[in-house]
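J.: Just one file: start-v4.txt, with compact mmCIF, C-alpha atoms.
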```
# COMPACT_ATOMS: atom_id res chain seq x y z
CA MET A 1 18.45 -17.95 -17.09
CA THR A 2 16.63 -18.00 -20.44
CA SER A 3 12.91 -18.34 -20.92
CA SER A 4 13.33 -21.84 -22.36
CA VAL A 5 14.34 -23.27 -18.98
CA MET A 6 11.70 -21.46 -16.95
CA THR A 7 8.85 -23.79 -15.99
CA GLN A 8 6.42 -24.07 -13.09
CA SER A 9 8.83 -26.53 -11.48
CA GLN A 10 11.41 -23.75 -10.91
CA SER A 11 11.59 -22.37 -7.37
CA LEU A 12 9.86 -19.09 -6.57
CA GLN A 13 13.27 -17.49 -5.97
CA ASP A 14 14.41 -18.60 -9.44
CA TRP A 15 11.32 -17.04 -10.95
CA LEU A 16 11.72 -13.74 -9.08
CA SER A 17 15.38 -13.49 -10.11
CA TYR A 18 14.34 -14.15 -13.71
CA LEU A 19 11.58 -11.51 -13.62
CA GLU A 20 14.09 -8.91 -12.41
CA GLN A 21 16.29 -9.55 -15.46
CA ILE A 22 13.92 -9.74 -18.42
CA HIS A 23 13.01 -6.05 -18.77
CA PRO A 24 15.54 -3.23 -19.16
CA GLN A 25 13.63 -0.83 -16.89
CA GLN A 26 12.22 -1.30 -13.40
CA ILE A 27 9.27 0.96 -14.25
CA GLU A 28 7.76 1.53 -17.70
CA LEU A 29 4.30 3.02 -17.56
CA GLY A 30 1.87 2.12 -20.33
CA LEU A 31 -0.83 -0.47 -20.94
CA TYR A 32 -0.21 -1.81 -24.46
CA ARG A 33 2.30 -4.57 -23.62
CA VAL A 34 0.58 -5.84 -20.48
CA LYS A 35 -2.89 -5.66 -22.08
CA THR A 36 -1.72 -7.64 -25.10
CA VAL A 37 -0.43 -10.47 -22.92
CA ALA A 38 -3.59 -10.36 -20.76
CA GLU A 39 -5.73 -10.76 -23.89
CA ARG A 40 -3.69 -13.77 -25.01
CA ALA A 41 -4.04 -15.35 -21.56
CA GLY A 42 -7.77 -14.60 -21.28
CA LEU A 43 -7.24 -12.44 -18.18
CA LEU A 44 -9.09 -9.23 -19.05
CA GLY A 45 -12.36 -10.50 -17.59
CA LEU A 46 -11.79 -11.23 -13.91
CA PRO A 47 -14.35 -13.15 -11.81
CA GLY A 48 -16.69 -11.51 -9.32
CA ILE A 49 -16.78 -7.84 -8.39
CA VAL A 50 -13.56 -5.89 -8.98
CA ILE A 51 -12.56 -2.89 -6.84
CA THR A 52 -9.45 -0.93 -7.84
CA VAL A 53 -7.80 1.15 -5.11
CA GLY A 54 -5.37 3.97 -5.91
CA GLY A 55 -3.92 6.85 -3.89
CA THR A 56 -0.66 8.27 -2.58
CA ASN A 57 -1.11 6.60 0.82
CA GLY A 58 -3.75 4.40 2.41
CA LYS A 59 -4.20 1.86 -0.38
CA GLY A 60 -3.01 -1.08 1.70
CA SER A 61 -5.07 -0.26 4.79
CA THR A 62 -8.17 0.38 2.66
CA CYS A 63 -7.81 -3.03 1.00
CA ALA A 64 -7.15 -4.69 4.37
CA MET A 65 -10.31 -3.24 5.96
CA LEU A 66 -12.44 -3.98 2.89
CA ALA A 67 -11.27 -7.59 2.78
CA SER A 68 -11.79 -8.00 6.52
CA ILE A 69 -15.40 -6.73 6.33
CA LEU A 70 -16.24 -8.81 3.26
CA GLN A 71 -14.84 -11.96 4.84
CA ALA A 72 -16.79 -11.27 8.05
CA ALA A 73 -19.91 -11.07 5.88
CA GLY A 74 -19.13 -14.49 4.39
CA TYR A 75 -17.76 -13.45 0.99
CA SER A 76 -14.53 -14.78 -0.50
CA THR A 77 -11.86 -12.22 -1.40
CA GLY A 78 -8.76 -11.93 -3.53
CA VAL A 79 -6.31 -9.12 -2.81
CA TYR A 80 -3.41 -7.98 -4.98
CA ALA A 81 -1.09 -5.56 -3.16
CA SER A 82 2.46 -4.23 -3.37
CA PRO A 83 5.20 -3.96 -2.40
CA HIS A 84 5.78 -6.87 -0.04
CA LEU A 85 7.74 -6.71 3.21
CA LEU A 86 9.25 -10.16 3.77
CA ARG A 87 7.82 -12.58 1.19
CA TYR A 88 6.65 -12.02 -2.37
CA ASN A 89 3.63 -14.24 -1.51
CA GLU A 90 2.24 -11.33 0.56
CA ARG A 91 1.28 -9.65 -2.72
CA VAL A 92 -1.50 -12.12 -3.54
CA ALA A 93 -3.96 -13.27 -0.87
CA ILE A 94 -7.10 -15.42 -1.06
CA ASN A 95 -9.40 -14.97 1.95
CA GLY A 96 -6.63 -13.28 3.92
CA LYS A 97 -4.07 -16.05 3.33
CA GLU A 98 -0.95 -15.61 1.20
CA VAL A 99 -0.95 -17.89 -1.84
CA SER A 100 1.61 -20.69 -2.07
CA ASP A 101 4.91 -20.70 -3.94
CA GLN A 102 3.39 -23.30 -6.26
CA ASP A 103 0.41 -21.10 -7.12
CA LEU A 104 2.78 -18.27 -8.03
CA CYS A 105 5.17 -20.45 -10.04
CA THR A 106 2.29 -22.00 -12.01
CA ALA A 107 0.91 -18.52 -12.78
CA PHE A 108 4.35 -17.19 -13.74
CA ALA A 109 4.82 -20.13 -16.13
CA GLU A 110 1.45 -19.37 -17.76
CA ILE A 111 2.35 -15.70 -18.28
CA GLU A 112 5.80 -16.63 -19.58
CA GLN A 113 4.23 -18.91 -22.17
CA GLN A 114 1.73 -16.27 -23.29
CA ARG A 115 4.04 -13.27 -23.47
CA GLU A 116 6.28 -14.74 -26.20
CA ASP A 117 8.45 -11.83 -27.41
CA ILE A 118 6.73 -9.11 -25.34
CA SER A 119 8.87 -7.72 -22.52
CA LEU A 120 7.17 -7.14 -19.17
CA THR A 121 8.41 -5.32 -16.08
CA PHE A 122 8.62 -7.16 -12.75
CA PHE A 123 5.39 -5.47 -11.62
CA GLU A 124 3.51 -6.13 -14.88
CA PHE A 125 4.46 -9.81 -14.86
CA GLY A 126 3.40 -10.14 -11.21
CA THR A 127 0.11 -8.34 -11.88
CA LEU A 128 -0.83 -10.76 -14.65
CA ALA A 129 0.19 -13.71 -12.47
CA ALA A 130 -2.15 -12.42 -9.74
CA PHE A 131 -4.99 -12.22 -12.29
CA SER A 132 -4.29 -15.84 -13.27
CA ILE A 133 -4.51 -16.91 -9.62
CA PHE A 134 -7.80 -15.04 -9.18
CA LYS A 135 -9.16 -16.81 -12.26
CA LYS A 136 -8.25 -20.12 -10.61
CA TYR A 137 -9.82 -19.40 -7.20
CA GLN A 138 -12.84 -17.34 -8.40
CA PRO A 139 -13.28 -15.06 -5.34
CA ASP A 140 -16.53 -13.14 -4.91
CA VAL A 141 -14.68 -9.81 -4.70
CA ILE A 142 -11.23 -8.87 -6.05
CA LEU A 143 -9.32 -5.91 -4.62
CA LEU A 144 -6.59 -4.50 -6.86
CA GLU A 145 -4.09 -2.10 -5.32
CA VAL A 146 -2.62 0.29 -7.89
CA GLY A 147 1.18 0.11 -8.06
CA LEU A 148 2.01 3.60 -9.35
CA GLY A 149 -0.33 6.43 -10.34
CA GLY A 150 -3.38 4.85 -11.93
CA ARG A 151 -4.03 5.77 -15.54
CA LEU A 152 -1.00 3.89 -16.90
CA ASP A 153 -0.60 1.32 -14.11
CA ALA A 154 -0.83 -2.36 -15.09
CA THR A 155 -3.87 -2.88 -12.84
CA ASN A 156 -5.81 -0.39 -14.99
CA ILE A 157 -6.22 -2.85 -17.87
CA ILE A 158 -9.19 -4.11 -15.83
CA ASP A 159 -12.46 -2.17 -15.91
CA ALA A 160 -13.28 -2.08 -12.21
CA ASP A 161 -16.85 -2.10 -10.92
CA ILE A 162 -15.87 0.44 -8.23
CA SER A 163 -12.73 2.62 -8.22
CA VAL A 164 -11.27 4.29 -5.14
CA ILE A 165 -8.77 7.09 -4.57
CA THR A 166 -7.68 7.19 -0.93
CA SER A 167 -5.44 10.27 -0.89
CA ILE A 168 -3.56 12.63 -3.20
CA ASP A 169 -0.17 14.08 -2.39
CA LEU A 170 3.26 14.54 -3.94
CA ASP A 171 5.16 11.29 -4.49
CA HIS A 172 6.76 9.60 -7.52
CA CYS A 173 6.94 13.08 -9.07
CA ASP A 174 9.35 11.94 -11.82
CA TRP A 175 6.59 9.69 -13.15
CA LEU A 176 3.34 11.41 -12.19
CA GLY A 177 4.10 15.14 -12.28
CA ASP A 178 5.28 17.60 -9.65
CA THR A 179 1.93 19.15 -8.70
CA LYS A 180 -1.08 17.66 -6.91
CA GLU A 181 -3.22 18.75 -9.84
CA ALA A 182 -1.19 16.66 -12.29
CA ILE A 183 -1.03 13.68 -9.91
CA ALA A 184 -4.83 13.81 -9.42
CA VAL A 185 -5.36 13.39 -13.17
CA GLU A 186 -3.12 10.31 -13.22
CA LYS A 187 -4.90 8.77 -10.24
CA ALA A 188 -8.38 9.54 -11.61
CA GLY A 189 -7.49 7.43 -14.65
CA ILE A 190 -8.82 4.37 -12.78
CA TYR A 191 -12.35 5.81 -12.72
CA ARG A 192 -14.85 4.36 -15.21
CA ALA A 193 -17.88 5.81 -16.97
CA GLY A 194 -21.15 5.13 -15.20
CA LYS A 195 -19.43 3.34 -12.30
CA PRO A 196 -19.02 4.52 -8.68
CA ALA A 197 -15.85 6.59 -8.18
CA ILE A 198 -15.00 6.97 -4.49
CA CYS A 199 -12.68 9.75 -3.28
CA GLY A 200 -11.40 9.70 0.31
CA GLU A 201 -9.07 12.68 -0.12
CA PRO A 202 -10.58 15.54 1.95
CA ASN A 203 -8.96 18.29 -0.16
CA PRO A 204 -8.86 16.99 -3.73
CA PRO A 205 -7.37 19.24 -6.44
CA HIS A 206 -9.96 20.68 -8.82
CA THR A 207 -8.53 18.49 -11.56
CA LEU A 208 -9.91 15.36 -9.87
CA LYS A 209 -13.53 16.43 -10.30
CA ALA A 210 -12.80 17.77 -13.78
CA GLU A 211 -11.30 14.41 -14.78
CA ALA A 212 -14.18 12.49 -13.15
CA ASP A 213 -16.66 14.62 -15.11
CA LYS A 214 -14.71 14.03 -18.33
CA LEU A 215 -14.76 10.28 -17.70
CA GLN A 216 -18.53 10.48 -16.97
CA THR A 217 -18.13 8.64 -13.71
CA ASN A 218 -20.28 8.95 -10.57
CA LEU A 219 -18.02 10.75 -8.09
CA TYR A 220 -18.73 10.07 -4.43
CA ALA A 221 -16.43 12.21 -2.29
CA VAL A 222 -15.75 12.64 1.42
CA GLY A 223 -17.17 15.92 2.67
CA GLU A 224 -19.72 15.89 -0.16
CA GLN A 225 -21.60 12.60 -0.42
CA PHE A 226 -20.21 10.99 2.74
CA ALA A 227 -18.67 12.11 6.02
CA TYR A 228 -17.44 10.70 9.31
CA GLN A 229 -16.98 11.88 12.88
CA ALA A 230 -14.71 10.45 15.56
CA LYS A 231 -15.84 10.27 19.19
CA SER A 232 -13.81 9.12 22.20
CA ASN A 233 -14.21 5.35 21.75
CA GLU A 234 -16.29 5.07 18.59
CA TRP A 235 -17.16 6.85 15.36
CA ILE A 236 -20.07 7.70 13.09
CA TYR A 237 -20.32 7.23 9.34
CA LYS A 238 -22.81 9.40 7.44
CA GLY A 239 -23.33 8.14 3.93
CA HIS A 240 -25.54 8.93 0.99
CA TYR A 241 -27.71 5.90 1.71
CA GLN A 242 -27.22 5.20 5.40
CA THR A 243 -25.82 6.45 8.69
CA LEU A 244 -23.93 4.04 10.94
CA THR A 245 -23.27 4.81 14.61
CA ASP A 246 -21.31 3.14 17.43
CA LEU A 247 -18.63 1.90 15.04
CA PRO A 248 -15.42 0.55 16.64
CA LEU A 249 -12.29 2.64 16.07
CA PRO A 250 -9.98 0.62 13.79
CA SER A 251 -6.22 0.22 14.33
CA LEU A 252 -5.78 1.60 10.78
CA PRO A 253 -6.46 5.23 9.71
CA LEU A 254 -10.04 6.36 10.27
CA GLN A 255 -10.08 8.38 7.03
CA ASN A 256 -9.51 5.14 5.13
CA ALA A 257 -12.15 3.31 7.19
CA ALA A 258 -14.71 5.93 6.14
CA THR A 259 -13.64 5.49 2.52
CA VAL A 260 -14.15 1.73 2.93
CA LEU A 261 -17.72 2.25 4.14
CA ALA A 262 -18.38 4.47 1.12
CA VAL A 263 -17.32 1.52 -1.05
CA ILE A 264 -19.51 -0.87 0.97
CA GLU A 265 -22.53 1.36 0.26
CA HIS A 266 -22.08 0.77 -3.46
CA LEU A 267 -21.57 -2.98 -3.40
CA PRO A 268 -24.49 -5.10 -4.66
CA LEU A 269 -24.00 -7.41 -1.67
CA GLN A 270 -25.73 -7.91 1.66
CA ILE A 271 -23.29 -6.76 4.34
CA PRO A 272 -24.75 -6.68 7.87
CA VAL A 273 -23.69 -3.96 10.31
CA GLU A 274 -22.23 -6.64 12.59
CA ALA A 275 -19.91 -7.77 9.78
CA ILE A 276 -18.80 -4.16 9.28
CA LYS A 277 -18.02 -3.82 12.98
CA ALA A 278 -16.21 -7.16 13.16
CA GLY A 279 -14.24 -6.39 10.01
CA LEU A 280 -13.11 -3.00 11.34
CA ARG A 281 -12.08 -4.54 14.67
CA ASN A 282 -10.10 -7.36 13.08
CA ALA A 283 -8.33 -5.55 10.23
CA THR A 284 -4.56 -5.25 10.55
CA LEU A 285 -1.74 -4.57 8.12
CA ALA A 286 1.93 -5.37 8.64
CA GLY A 287 4.17 -2.33 8.75
CA ARG A 288 1.43 0.22 9.48
CA PHE A 289 2.04 1.56 12.99
CA GLN A 290 2.70 -2.05 13.95
CA VAL A 291 3.81 -2.65 17.54
CA LEU A 292 6.56 -5.29 17.63
CA GLN A 293 7.32 -5.33 21.36
CA ARG A 294 7.02 -3.46 24.67
CA GLU A 295 9.63 -2.27 27.19
CA PRO A 296 10.96 -0.62 25.16
CA THR A 297 8.08 -0.21 22.75
CA VAL A 298 9.08 -0.78 19.11
CA ILE A 299 6.77 0.47 16.37
CA VAL A 300 7.38 0.07 12.64
CA ASP A 301 5.68 2.19 10.00
CA VAL A 302 6.35 2.29 6.27
CA ALA A 303 5.79 6.09 6.10
CA HIS A 304 8.06 7.30 3.30
CA ASN A 305 6.57 10.58 2.11
CA PRO A 306 5.34 13.80 3.77
CA HIS A 307 1.65 12.82 3.78
CA ALA A 308 2.33 9.52 5.57
CA ALA A 309 4.88 11.17 7.89
CA ALA A 310 2.28 13.74 8.98
CA TYR A 311 -0.04 10.90 9.99
CA LEU A 312 2.82 9.14 11.81
CA ALA A 313 3.73 12.36 13.65
CA ASN A 314 0.14 12.72 14.81
CA LYS A 315 0.22 9.19 16.24
CA LEU A 316 3.59 9.79 17.95
CA LYS A 317 2.24 12.95 19.58
CA ASP A 318 -0.17 10.80 21.61
CA GLN A 319 2.39 8.25 22.80
CA LYS A 320 3.27 8.14 26.51
CA ALA A 321 7.00 7.50 26.25
CA HIS A 322 9.98 8.82 28.19
CA LYS A 323 11.69 9.59 24.89
CA ILE A 324 11.20 8.61 21.25
CA ILE A 325 14.11 7.21 19.28
CA ALA A 326 13.95 7.01 15.47
CA VAL A 327 15.52 4.43 13.17
CA VAL A 328 15.31 5.73 9.60
CA GLY A 329 16.43 4.69 6.13
CA MET A 330 15.05 6.28 2.95
CA LEU A 331 15.29 6.29 -0.83
CA LYS A 332 16.89 9.34 -2.42
CA ASP A 333 13.98 9.92 -4.85
CA LYS A 334 11.63 10.65 -1.92
CA ASP A 335 10.98 14.08 -0.37
CA ILE A 336 13.38 13.46 2.52
CA GLN A 337 13.35 16.99 3.88
CA HIS A 338 9.60 17.30 4.41
CA THR A 339 9.15 13.69 5.50
CA LEU A 340 11.67 14.10 8.33
CA GLN A 341 10.39 17.58 9.13
CA HIS A 342 6.96 16.27 10.15
CA VAL A 343 8.36 13.77 12.64
CA GLU A 344 11.41 15.70 13.91
CA PRO A 345 9.66 17.62 16.75
CA TYR A 346 8.89 14.32 18.54
CA ILE A 347 12.27 12.60 18.18
CA ALA A 348 14.95 12.82 20.87
CA GLU A 349 17.56 10.69 19.10
CA TRP A 350 18.10 9.53 15.52
CA HIS A 351 19.76 6.35 14.23
CA LEU A 352 20.11 6.74 10.47
CA ALA A 353 20.86 3.85 8.11
CA ASP A 354 22.19 3.40 4.60
CA LEU A 355 19.89 1.36 2.37
CA SER A 356 21.26 -0.74 -0.48
CA GLY A 357 20.59 -0.35 -4.20
CA PRO A 358 20.83 2.48 -6.74
CA ARG A 359 17.85 4.41 -5.31
CA ALA A 360 19.16 4.38 -1.72
CA ALA A 361 19.94 7.54 0.22
CA SER A 362 22.96 7.39 2.52
CA ALA A 363 22.62 7.93 6.26
CA THR A 364 24.83 11.03 6.02
CA ALA A 365 22.54 12.44 3.32
CA LEU A 366 19.58 12.00 5.69
CA ALA A 367 21.51 13.65 8.54
CA ALA A 368 21.99 16.77 6.42
CA PHE A 369 18.23 17.42 6.60
CA LEU A 370 18.10 17.42 10.43
CA PRO A 371 18.58 20.64 12.45
CA ALA A 372 22.02 21.49 13.80
CA GLY A 373 22.62 20.00 17.23
CA THR A 374 20.31 17.02 16.63
CA VAL A 375 21.47 13.83 18.34
CA CYS A 376 22.04 11.47 15.41
CA ARG A 377 24.30 8.60 14.45
CA CYS A 378 24.87 6.99 11.05
CA TYR A 379 25.17 3.27 10.24
CA ASP A 380 25.95 1.12 7.21
CA ASN A 381 22.69 -0.80 7.42
CA VAL A 382 19.26 -0.93 9.08
CA ILE A 383 20.09 -3.85 11.40
CA ASP A 384 23.06 -2.05 12.97
CA ALA A 385 20.99 1.13 13.38
CA TYR A 386 18.16 -0.83 15.00
CA HIS A 387 20.43 -2.70 17.42
CA ALA A 388 22.09 0.58 18.41
CA ALA A 389 18.68 2.10 19.10
CA LEU A 390 17.74 -0.90 21.26
CA SER A 391 20.98 -0.54 23.22
CA SER A 392 20.32 3.15 23.74
CA ALA A 393 16.70 2.74 24.91
CA ASN A 394 15.38 2.09 28.39
CA SER A 395 12.13 0.26 29.13
CA GLN A 396 10.05 3.47 29.10
CA ASP A 397 11.28 4.62 25.68
CA LEU A 398 9.71 4.15 22.27
CA ILE A 399 11.63 3.24 19.11
CA VAL A 400 9.94 4.12 15.82
CA VAL A 401 11.27 2.59 12.61
CA PHE A 402 10.18 4.32 9.39
CA GLY A 403 11.21 5.85 6.06
CA SER A 404 10.82 2.97 3.59
CA PHE A 405 9.39 -0.49 3.08
CA PHE A 406 13.02 -1.64 2.93
CA THR A 407 13.75 -0.16 6.37
CA VAL A 408 10.74 -1.81 7.98
CA ALA A 409 11.44 -5.10 6.19
CA GLY A 410 14.99 -5.09 7.59
CA VAL A 411 13.74 -4.85 11.17
CA LEU A 412 10.89 -7.33 10.63
CA SER A 413 13.29 -9.92 9.18
CA CYS A 414 15.61 -9.36 12.15
CA LYS A 415 12.70 -9.97 14.57
CA ASP A 416 11.63 -13.00 12.50
CA LYS A 417 15.03 -14.63 12.95
CA GLN A 418 14.90 -14.09 16.73
CA ARG A 419 11.77 -16.25 17.04
```
What is this structure when it is put down as structure tokens?
T.:
Amino acid sequence: MTSSVMTQSQSLQDWLSYLEQIHPQQIELGLYRVKTVAERAGLLGLPGIVITVGGTNGKGSTCAMLASILQAAGYSTGVYASPHLLRYNERVAINGKEVSDQDLCTAFAEIEQQREDISLTFFEFGTLAAFSIFKKYQPDVILLEVGLGGRLDATNIIDADISVITSIDLDHCDWLGDTKEAIAVEKAGIYRAGKPAICGEPNPPHTLKAEADKLQTNLYAVGEQFAYQAKSNEWIYKGHYQTLTDLPLPSLPLQNAATVLAVIEHLPLQIPVEAIKAGLRNATLAGRFQVLQREPTVIVDVAHNPHAAAYLANKLKDQKAHKIIAVVGMLKDKDIQHTLQHVEPYIAEWHLADLSGPRAASATALAAFLPAGTVCRCYDNVIDAYHAALSSANSQDLIVVFGSFFTVAGVLSCKDKQR
């Protein structure tokens, strides 16, 4: 399909297929091309308050809790997130609702018209389309989830009012560097001079503070300017400006909830404590320790790197199951060894799946990282692996599906079709 036939009347699927073809590389970091098109389209000044959220893990849950609290307080929100699980529309939400195909196609057509001879990656094109949609709906607060790194990510053409780093660990090393120190510099690139810079990583590399100082930003870090403490059925947030007690434990990671409250402290908005509590109670995010069914229990989690796998392992440790069965598919550019290593002590049986595409790791490649004598079987695809796990499980068992967004999406689409 050539650009001349692409209009807002094309289907969303036509547009997405087109976007996958127009740039020679899936990822090309750098801001010049995307910023040039944004300037032409008048998209560098977004409405309302803009919060940019970066980090190795926890970006999605941080955005979900922030949006939930803001909406409970009566403010309108726009969220841009990636990747999606089942529908591209998941990437852009207004007040917690996915935008329509028509909204996306209209925005894509606008960006296509403005870009002229400039080539954009799939992510860059989608980012600008999201900005166009936010310009249309004018939400009070916009939450931008960084796609990769921070400094050179397409979202960073916007000067955020508040910037957040949720966590720092090794991932995307080919693009961001192979040390936490190097990755911290890339992520800190979203911080802005004179603006609040929130850090929820409890052990940040020294380079994060050095970069924050260089950027002349106001760093506000967990363990320094804010802290939190979990109790049996509630938790306490101790901030620079306020202390909140009797907070409900969220279904999403508490570390990220504390980071969210650090952001809330810096917003020039009235947010009652009751809205904070309601927002924490109501916040959910598909694919994050999401329970799909009981007897047997099926939980899906998009954990795909060691940091996320360590969190998943900690959750599995507390599960009351007869045995835990894993369904796993991963990409070969991930740290497979250490990701599986975190979870392996809790798994009685493994069902490993091939994923499709050039980045996919084979099931047999995954099996090579498991200890000798491990009960494991390999399958051509996620659906076969999942059905085999279901057949193997009794009502007291737990099946955990993890390793990639693609793996979780495969099982979610399978469940979707059963409805």
J.: Using all atoms listed in the file, which residues sit within 7 Å of stretch 119-136 of chain A once same-chain residues fewer than 2 positions away are excluded, as a PyMOL selection string?
T.: chain A and resi 19-20+22-23+25-27+34+38+43+46-47+78+80+92+103-104+107-108+111+117+138-139+154-155
J.: Excluding A:Asp213 and any residue of its chain fewer than 5 positions from it, enumerate the residues within 12 Å of it, using all atoms listed in the file, and give them as number ranges by chain.
T.: A: 185, 188-189, 191-195, 197, 206-208, 218-220
J.: Give me, as an MDAnalysis selection string, all polymer residues having an atom no more than 12 Å from A:Gln319, counting all atoms listed in the file and skipping those fewer than 2 positions away in the same chain.
T.: chainID A and resid 289 297:299 312:317 321:324 346:347 396:400
J.: Do you know which residues are at most 10 Å from A:Glu274 counting all atoms listed in the file, after dropping those on the same chain fewer than 4 positions away, and could you put them as a list in words?
T.: Ile69, Ala72, Ala73, Leu247, Ala278, Gly279 and Leu280 of chain A
J.: Please, what distance in Å, to one decimal, runs between atom CA of A:Gly48 and atom CA of A:Arg115?
T.: 25.2 Å
J.: Please provide the set of residues having any atom within 7 Å of A:Thr284, restricted to all atoms listed in the file, with same-chain residues fewer than 2 positions apart removed, written as a list in words.
T.: Ala64, Ser251, Leu252, Asn282 and Ala286 of chain A
J.: Mind listing as number ranges by chain all residues within 10 Å of (19.8, 8.7, 17.7), counting all atoms listed in the file?
T.: A: 324-328, 347-352, 374-378, 385, 388-389, 392-393, 399
J.: Check the smallest atom-to-atom distance from each of A:Val53, A:Ala409, A:Val273, A:Ala372 to A:Tyr237 using only C-alpha atoms, then report the winner.
T.: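 Once distances to A:Tyr237 are computed over only C-alpha atoms, the minimum belongs to A:Val273.
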J.: Distance atom CA of A:Thr339-atom CA of A:Ala303, one decimal place?
T.: 8.3 Å
J.: By how many Å are atom CA of A:Ser163 and atom CA of A:Gln229 apart?
T.: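 Separation of atom CA of A:Ser163 and atom CA of A:Gln229: 23.4 Å.
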J.: For a quick check of understanding, using all atoms listed in the file, which of A:Ser82, A:Ser11, A:Asn381, A:Ser17 has the smallest distance to A:Ser100?
T.: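 Closest candidate: A:Ser11.
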J.: Rank nothing, just name the residue among A:Gly54, A:Gly30, A:Pro24, A:Pro306 nearest to A:Leu144, using only C-alpha atoms.
T.: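 Counting only C-alpha atoms, the residue closest to A:Leu144 is A:Gly54.
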J.: Of the candidates A:Asn89, A:Thr52, A:Gln102, A:Gln270, which one gets nearest to A:Ile190 if we count all atoms listed in the file?
T.: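 Going through A:Asn89, A:Thr52, A:Gln102, A:Gln270 one by one, the smallest distance to A:Ile190 is for A:Thr52.
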J.: Return the single residue from A:Thr217, A:Gly239, A:Ala258, A:Asn156 that is closest to A:Glu201, with distances computed using only C-alpha atoms.
T.: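 Among the listed residues, A:Ala258 lies closest to A:Glu201.
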J.: What are the centre and the three edge lengths of an axis-aligned box that wraps all atoms of stretch 317-333 of chain A in the file, given that 3 Å is added to every side, written as JSON and rounded to one decimal in Å?
T.:
```
{"center_x": 8.4, "center_y": 8.7, "center_z": 11.7, "size_x": 23.1, "size_y": 14.5, "size_z": 39.0}
```
J.: Nearest to A:Tyr379 among A:Ala353, A:Met6, A:Ala365, A:Leu254, with distances taken over all atoms listed in the file: which residue is it?
T.: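 Once distances to A:Tyr379 are computed over all atoms listed in the file, the minimum belongs to A:Ala353.
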